Amino acid sequence: MAEILDIFKAYNGTGYYCILFIAALMYLWFTEEDKHIKVLLVVVPSAIQLLFFIPYAYYIYEMLDEGTYYRVLWLLPMTMVIAYAGCRIIGNHTRAGVAVVMLILIFSGTCVYTNRNVTVAENVYNLPDEVIELCDIVKPEEGRERVWAAFPPLLVHYVRQYTTTIQLPFGRDSMVDSWKKLDNPLFELYMSPNMPADKLTQYATEYYCNYLILEKDAEVIGDLSDYGVDYMTSTENYDVYRNTNVPFWDRQEDEQDKESN
């Protein structure tokens, strides 16, 4: 039960949102007359909320998908229930309702722009400029469908949002400990404090990486050029290398080879 409470507390943050949701449910339990709306916005969310706190449900869920029990709370239409209850309060008690809802918004809300995770967009993609710069450097040339490139782990989720023409040897799934994932020696090497040049080349070649992108302060033991990995260019924080051990994949050439064989 303690694990369930910890997940619930972590999900609800400061708790204001949860309090508003529970208050809205209680209000609608006693005031909502439309049976269909009551089932959709009151009965079902209440049942899901109660089910979440049942230990047996938690243990069964964890056996099926470990570490993601908080996702059960995603099923709760919190925003819809709170908004609907607020509209009902204003509709039933116009002046007092407006005053109550305004006070709730003022004292329970925070300015989203003060959040440390909210920053001014650098471009129309809402992605870091440097990631786009790196992708444009290694993206496939005209006539080629895709390339393979190893990016530092903290950049991989940005790459996939920008383009699908760059294949990655590891993705965001490798960074989530609770997710079941295959061992990836290249990812482990990227996460290590130092990278032997021979091992880095070996694993990059095994994963068919045409390019390697490394942080400028990455500790590489040895000279990559001795193993067929040539320096190309740099951005503000990263160096880009071409792995000559891996040829570029070309669909037309591949189909022609199959036809000739």
# chains A, B, ... in the order shown; residues from 1 in each chain; ligands from 1
call {"tool": "residues_around", "arguments": {"residues": "Pro55 (chain A)", "least_positions_apart": "6", "cutoff": "12 Å", "atoms": "only C-alpha atoms", "output": "list in words"}}
result
Met1, Ala2, Glu3, Ile4, Leu5, Tyr61, Glu62 and Tyr69 of chain A
call {"tool": "select_by_dssp", "arguments": {"residues": "region 45-261 of chain A", "states": "helix (DSSP H, G or I)", "output": "JSON, numbers by chain"}}
result
{"A": [45, 46, 47, 48, 49, 50, 51, 52, 55, 56, 57, 58, 59, 60, 61, 62, 63, 64, 69, 70, 71, 72, 73, 74, 75, 78, 79, 80, 81, 82, 83, 84, 85, 86, 87, 88, 89, 90, 91, 92, 94, 95, 96, 97, 98, 99, 100, 101, 102, 103, 104, 105, 106, 107, 108, 112, 113, 114, 129, 130, 131, 132, 133, 134, 135, 136, 137, 138, 153, 154, 155, 156, 157, 158, 159, 160, 161, 162, 172, 173, 174, 175, 185, 186, 187, 188, 189, 190, 191, 197, 198, 199, 200, 201, 202, 203, 204, 205, 206, 224, 225, 226, 227, 251, 252, 253, 254, 255, 256, 257, 258, 259, 260]}
call {"tool": "write_last_selection", "arguments": {"atoms": "C-alpha atoms", "output": "JSON list (two decimals), in the first residue's frame"}}
result
[["chain", "number", "residue", "atom", "x", "y", "z"],
["A", 45, "PRO", "CA", -13.67, 8.06, -12.63],
["A", 46, "SER", "CA", -14.60, 7.18, -9.04],
["A", 47, "ALA", "CA", -14.37, 3.46, -9.83],
["A", 48, "ILE", "CA", -10.95, 3.91, -11.48],
["A", 49, "GLN", "CA", -9.73, 5.95, -8.51],
["A", 50, "LEU", "CA", -10.85, 3.25, -6.06],
["A", 51, "LEU", "CA", -9.36, 0.47, -8.21],
["A", 52, "PHE", "CA", -6.01, 2.30, -8.20],
["A", 55, "PRO", "CA", -3.19, -3.66, -3.65],
["A", 56, "TYR", "CA", -4.17, -6.71, -5.73],
["A", 57, "ALA", "CA", -4.70, -4.50, -8.78],
["A", 58, "TYR", "CA", -1.26, -2.98, -8.20],
["A", 59, "TYR", "CA", 0.50, -6.36, -7.95],
["A", 60, "ILE", "CA", -1.21, -7.75, -11.06],
["A", 61, "TYR", "CA", -0.39, -4.63, -13.06],
["A", 62, "GLU", "CA", 3.26, -4.69, -11.94],
["A", 63, "MET", "CA", 3.61, -8.29, -13.12],
["A", 64, "LEU", "CA", 2.39, -7.26, -16.56],
["A", 69, "TYR", "CA", 1.35, 1.89, -12.54],
["A", 70, "TYR", "CA", 0.99, 5.68, -12.51],
["A", 71, "ARG", "CA", -0.48, 5.40, -16.00],
["A", 72, "VAL", "CA", -3.72, 4.11, -14.50],
["A", 73, "LEU", "CA", -4.25, 7.68, -13.29],
["A", 74, "TRP", "CA", -4.05, 8.85, -16.91],
["A", 75, "LEU", "CA", -7.50, 7.31, -17.33],
["A", 78, "MET", "CA", -9.44, 15.28, -14.22],
["A", 79, "THR", "CA", -9.47, 18.39, -16.40],
["A", 80, "MET", "CA", -12.88, 17.61, -17.86],
["A", 81, "VAL", "CA", -14.46, 16.86, -14.47],
["A", 82, "ILE", "CA", -13.03, 19.99, -12.83],
["A", 83, "ALA", "CA", -14.07, 22.20, -15.75],
["A", 84, "TYR", "CA", -17.56, 20.74, -15.92],
["A", 85, "ALA", "CA", -18.08, 21.09, -12.17],
["A", 86, "GLY", "CA", -16.89, 24.70, -12.35],
["A", 87, "CYS", "CA", -19.40, 25.44, -15.12],
["A", 88, "ARG", "CA", -22.18, 23.81, -13.12],
["A", 89, "ILE", "CA", -21.32, 25.91, -10.06],
["A", 90, "ILE", "CA", -21.39, 29.11, -12.14],
["A", 91, "GLY", "CA", -24.63, 28.02, -13.82],
["A", 92, "ASN", "CA", -26.39, 27.25, -10.57],
["A", 94, "THR", "CA", -23.91, 32.80, -10.98],
["A", 95, "ARG", "CA", -22.35, 35.50, -8.78],
["A", 96, "ALA", "CA", -21.13, 33.32, -5.96],
["A", 97, "GLY", "CA", -20.04, 30.65, -8.45],
["A", 98, "VAL", "CA", -17.88, 33.07, -10.45],
["A", 99, "ALA", "CA", -16.29, 34.35, -7.25],
["A", 100, "VAL", "CA", -15.57, 30.85, -5.95],
["A", 101, "VAL", "CA", -14.09, 29.63, -9.25],
["A", 102, "MET", "CA", -11.93, 32.75, -9.60],
["A", 103, "LEU", "CA", -10.58, 32.37, -6.06],
["A", 104, "ILE", "CA", -9.77, 28.72, -6.73],
["A", 105, "LEU", "CA", -7.89, 29.61, -9.91],
["A", 106, "ILE", "CA", -5.97, 32.40, -8.18],
["A", 107, "PHE", "CA", -4.85, 30.47, -5.11],
["A", 108, "SER", "CA", -4.33, 26.99, -6.57],
["A", 112, "VAL", "CA", 3.26, 28.24, -16.34],
["A", 113, "TYR", "CA", 5.99, 30.54, -17.66],
["A", 114, "THR", "CA", 7.84, 30.45, -14.33],
["A", 129, "ASP", "CA", 18.87, 24.46, -32.60],
["A", 130, "GLU", "CA", 22.00, 22.38, -32.14],
["A", 131, "VAL", "CA", 20.11, 19.11, -32.55],
["A", 132, "ILE", "CA", 18.67, 20.32, -35.85],
["A", 133, "GLU", "CA", 22.15, 21.44, -36.92],
["A", 134, "LEU", "CA", 23.56, 17.98, -36.15],
["A", 135, "CYS", "CA", 20.73, 16.22, -37.97],
["A", 136, "ASP", "CA", 21.23, 18.38, -41.05],
["A", 137, "ILE", "CA", 24.94, 17.47, -41.06],
["A", 138, "VAL", "CA", 24.37, 13.70, -41.04],
["A", 153, "PRO", "CA", 21.65, 9.63, -25.14],
["A", 154, "LEU", "CA", 20.25, 12.99, -24.04],
["A", 155, "LEU", "CA", 19.61, 13.97, -27.68],
["A", 156, "VAL", "CA", 17.98, 10.83, -29.07],
["A", 157, "HIS", "CA", 14.36, 11.78, -28.33],
["A", 158, "TYR", "CA", 14.87, 15.11, -30.11],
["A", 159, "VAL", "CA", 16.25, 13.42, -33.22],
["A", 160, "ARG", "CA", 13.18, 11.24, -33.67],
["A", 161, "GLN", "CA", 10.90, 14.29, -33.41],
["A", 162, "TYR", "CA", 12.82, 16.10, -36.16],
["A", 172, "ARG", "CA", 14.81, 6.75, -25.18],
["A", 173, "ASP", "CA", 13.85, 3.25, -24.06],
["A", 174, "SER", "CA", 17.48, 2.55, -23.18],
["A", 175, "MET", "CA", 17.44, 5.38, -20.64],
["A", 185, "PRO", "CA", 26.97, -2.16, -25.46],
["A", 186, "LEU", "CA", 27.14, 1.01, -27.56],
["A", 187, "PHE", "CA", 24.69, 2.76, -25.24],
["A", 188, "GLU", "CA", 26.64, 1.56, -22.19],
["A", 189, "LEU", "CA", 29.82, 2.94, -23.75],
["A", 190, "TYR", "CA", 28.18, 6.31, -24.38],
["A", 191, "MET", "CA", 27.15, 6.41, -20.73],
["A", 197, "ALA", "CA", 38.42, 4.16, -29.44],
["A", 198, "ASP", "CA", 38.64, 0.53, -30.55],
["A", 199, "LYS", "CA", 35.52, -0.53, -28.63],
["A", 200, "LEU", "CA", 33.60, 2.54, -29.77],
["A", 201, "THR", "CA", 34.42, 1.75, -33.39],
["A", 202, "GLN", "CA", 33.65, -1.96, -32.94],
["A", 203, "TYR", "CA", 30.17, -1.39, -31.46],
["A", 204, "ALA", "CA", 29.33, 1.45, -33.86],
["A", 205, "THR", "CA", 30.22, -0.82, -36.78],
["A", 206, "GLU", "CA", 28.20, -3.72, -35.35],
["A", 224, "LEU", "CA", 39.50, 7.15, -33.66],
["A", 225, "SER", "CA", 41.17, 7.79, -37.00],
["A", 226, "ASP", "CA", 43.33, 4.70, -36.43],
["A", 227, "TYR", "CA", 40.17, 2.61, -36.65],
["A", 251, "ARG", "CA", 17.79, 0.94, -51.69],
["A", 252, "GLN", "CA", 18.29, 1.02, -55.46],
["A", 253, "GLU", "CA", 21.75, -0.53, -55.25],
["A", 254, "ASP", "CA", 20.46, -3.15, -52.81],
["A", 255, "GLU", "CA", 17.61, -4.11, -55.16],
["A", 256, "GLN", "CA", 19.97, -4.26, -58.14],
["A", 257, "ASP", "CA", 22.33, -6.58, -56.22],
["A", 258, "LYS", "CA", 19.42, -8.86, -55.34],
["A", 259, "GLU", "CA", 18.28, -8.97, -58.98],
["A", 260, "SER", "CA", 21.81, -9.76, -60.19]]
call {"tool": "atom_distance", "arguments": {"atom1": "CA of Phe21 (chain A)", "atom2": "CA of Leu76 (chain A)"}}
result
9.4 Å
call {"tool": "atom_distance", "arguments": {"atom1": "CA of Ser192 (chain A)", "atom2": "CA of Pro169 (chain A)"}}
result
16.4 Å
call {"tool": "closest_residue", "arguments": {"among": "A:Val246, A:Leu214, A:Leu20, A:Val240", "to": "Gly228 (chain A)", "atoms": "only C-alpha atoms"}}
result
A:Val246
call {"tool": "closest_residue", "arguments": {"among": "A:Ser234, A:Asp223, A:Lys216, A:Trp148", "to": "Pro247 (chain A)", "atoms": "only C-alpha atoms"}}
result
A:Trp148
call {"tool": "closest_residue", "arguments": {"among": "A:Thr110, A:Asn123, A:Asn245, A:Asn184", "to": "Leu212 (chain A)", "atoms": "only C-alpha atoms"}}
result
A:Asn245
call {"tool": "atom_distance", "arguments": {"atom1": "CA of Lys38 (chain A)", "atom2": "CA of Ile22 (chain A)"}}
result
14.5 Å
call {"tool": "residues_around", "arguments": {"residues": "Val220 (chain A)", "least_positions_apart": "4", "cutoff": "8 Å", "atoms": "only C-alpha atoms", "output": "MDAnalysis selection string"}}
result
chainID A and resid 194:197
call {"tool": "write_last_selection", "arguments": {"atoms": "C-alpha atoms", "output": "PDB file, in the first residue's frame"}}
result
ATOM      1  CA  ASN A 194      35.617   7.162 -20.898  1.00  0.00           C
ATOM      2  CA  MET A 195      35.374   5.423 -24.283  1.00  0.00           C
ATOM      3  CA  PRO A 196      38.143   3.268 -25.752  1.00  0.00           C
ATOM      4  CA  ALA A 197      38.422   4.158 -29.436  1.00  0.00           C
TER       5      ALA A 197
END
call {"tool": "residues_around", "arguments": {"residues": "Trp29 (chain A)", "least_positions_apart": "6", "cutoff": "10 Å", "atoms": "only C-alpha atoms", "output": "PyMOL selection string"}}
result
chain A and resi 23+38-39+41-43+46
call {"tool": "write_last_selection", "arguments": {"atoms": "N, CA and C atoms", "output": "short mmCIF file (atom, residue, chain, number, x, y, z; two decimals), in the first residue's frame"}}
result
data_model
loop_
_atom_site.label_atom_id
_atom_site.label_comp_id
_atom_site.auth_asym_id
_atom_site.auth_seq_id
_atom_site.Cartn_x
_atom_site.Cartn_y
_atom_site.Cartn_z
N ALA A 23 -13.00 17.26 -5.04
CA ALA A 23 -14.08 18.18 -4.70
C ALA A 23 -15.11 18.24 -5.83
N LYS A 38 -23.42 11.60 -15.57
CA LYS A 38 -22.99 11.18 -14.24
C LYS A 38 -22.17 9.90 -14.30
N VAL A 39 -22.58 8.98 -15.16
CA VAL A 39 -21.81 7.74 -15.32
C VAL A 39 -20.44 8.04 -15.91
N LEU A 41 -18.66 11.01 -16.12
CA LEU A 41 -17.78 11.95 -15.41
C LEU A 41 -17.69 11.73 -13.91
N VAL A 42 -18.54 10.87 -13.36
CA VAL A 42 -18.53 10.68 -11.91
C VAL A 42 -18.32 9.21 -11.53
N VAL A 43 -19.20 8.34 -12.00
CA VAL A 43 -19.14 6.94 -11.58
C VAL A 43 -17.87 6.25 -12.07
N SER A 46 -14.65 7.60 -10.44
CA SER A 46 -14.60 7.18 -9.04
C SER A 46 -14.20 5.71 -8.94
#
call {"tool": "select_by_dssp", "arguments": {"residues": "region 120-210 of chain A", "states": "strand (DSSP E)", "output": "list in words"}}
result
Val147, Trp148, Ala149, Ala150, Ile166, Gln167, Asn194, Met195 and Pro196 of chain A
call {"tool": "write_last_selection", "arguments": {"atoms": "C-alpha atoms", "output": "PDB file, in the first residue's frame"}}
result
ATOM      1  CA  VAL A 147      21.525   6.749 -42.557  1.00  0.00           C
ATOM      2  CA  TRP A 148      22.436   5.357 -39.146  1.00  0.00           C
ATOM      3  CA  ALA A 149      23.944   7.658 -36.527  1.00  0.00           C
ATOM      4  CA  ALA A 150      24.798   7.344 -32.839  1.00  0.00           C
ATOM      5  CA  ILE A 166      18.171   9.014 -39.298  1.00  0.00           C
ATOM      6  CA  GLN A 167      18.135   5.573 -37.694  1.00  0.00           C
ATOM      7  CA  ASN A 194      35.617   7.162 -20.898  1.00  0.00           C
ATOM      8  CA  MET A 195      35.374   5.423 -24.283  1.00  0.00           C
ATOM      9  CA  PRO A 196      38.143   3.268 -25.752  1.00  0.00           C
TER      10      PRO A 196
END
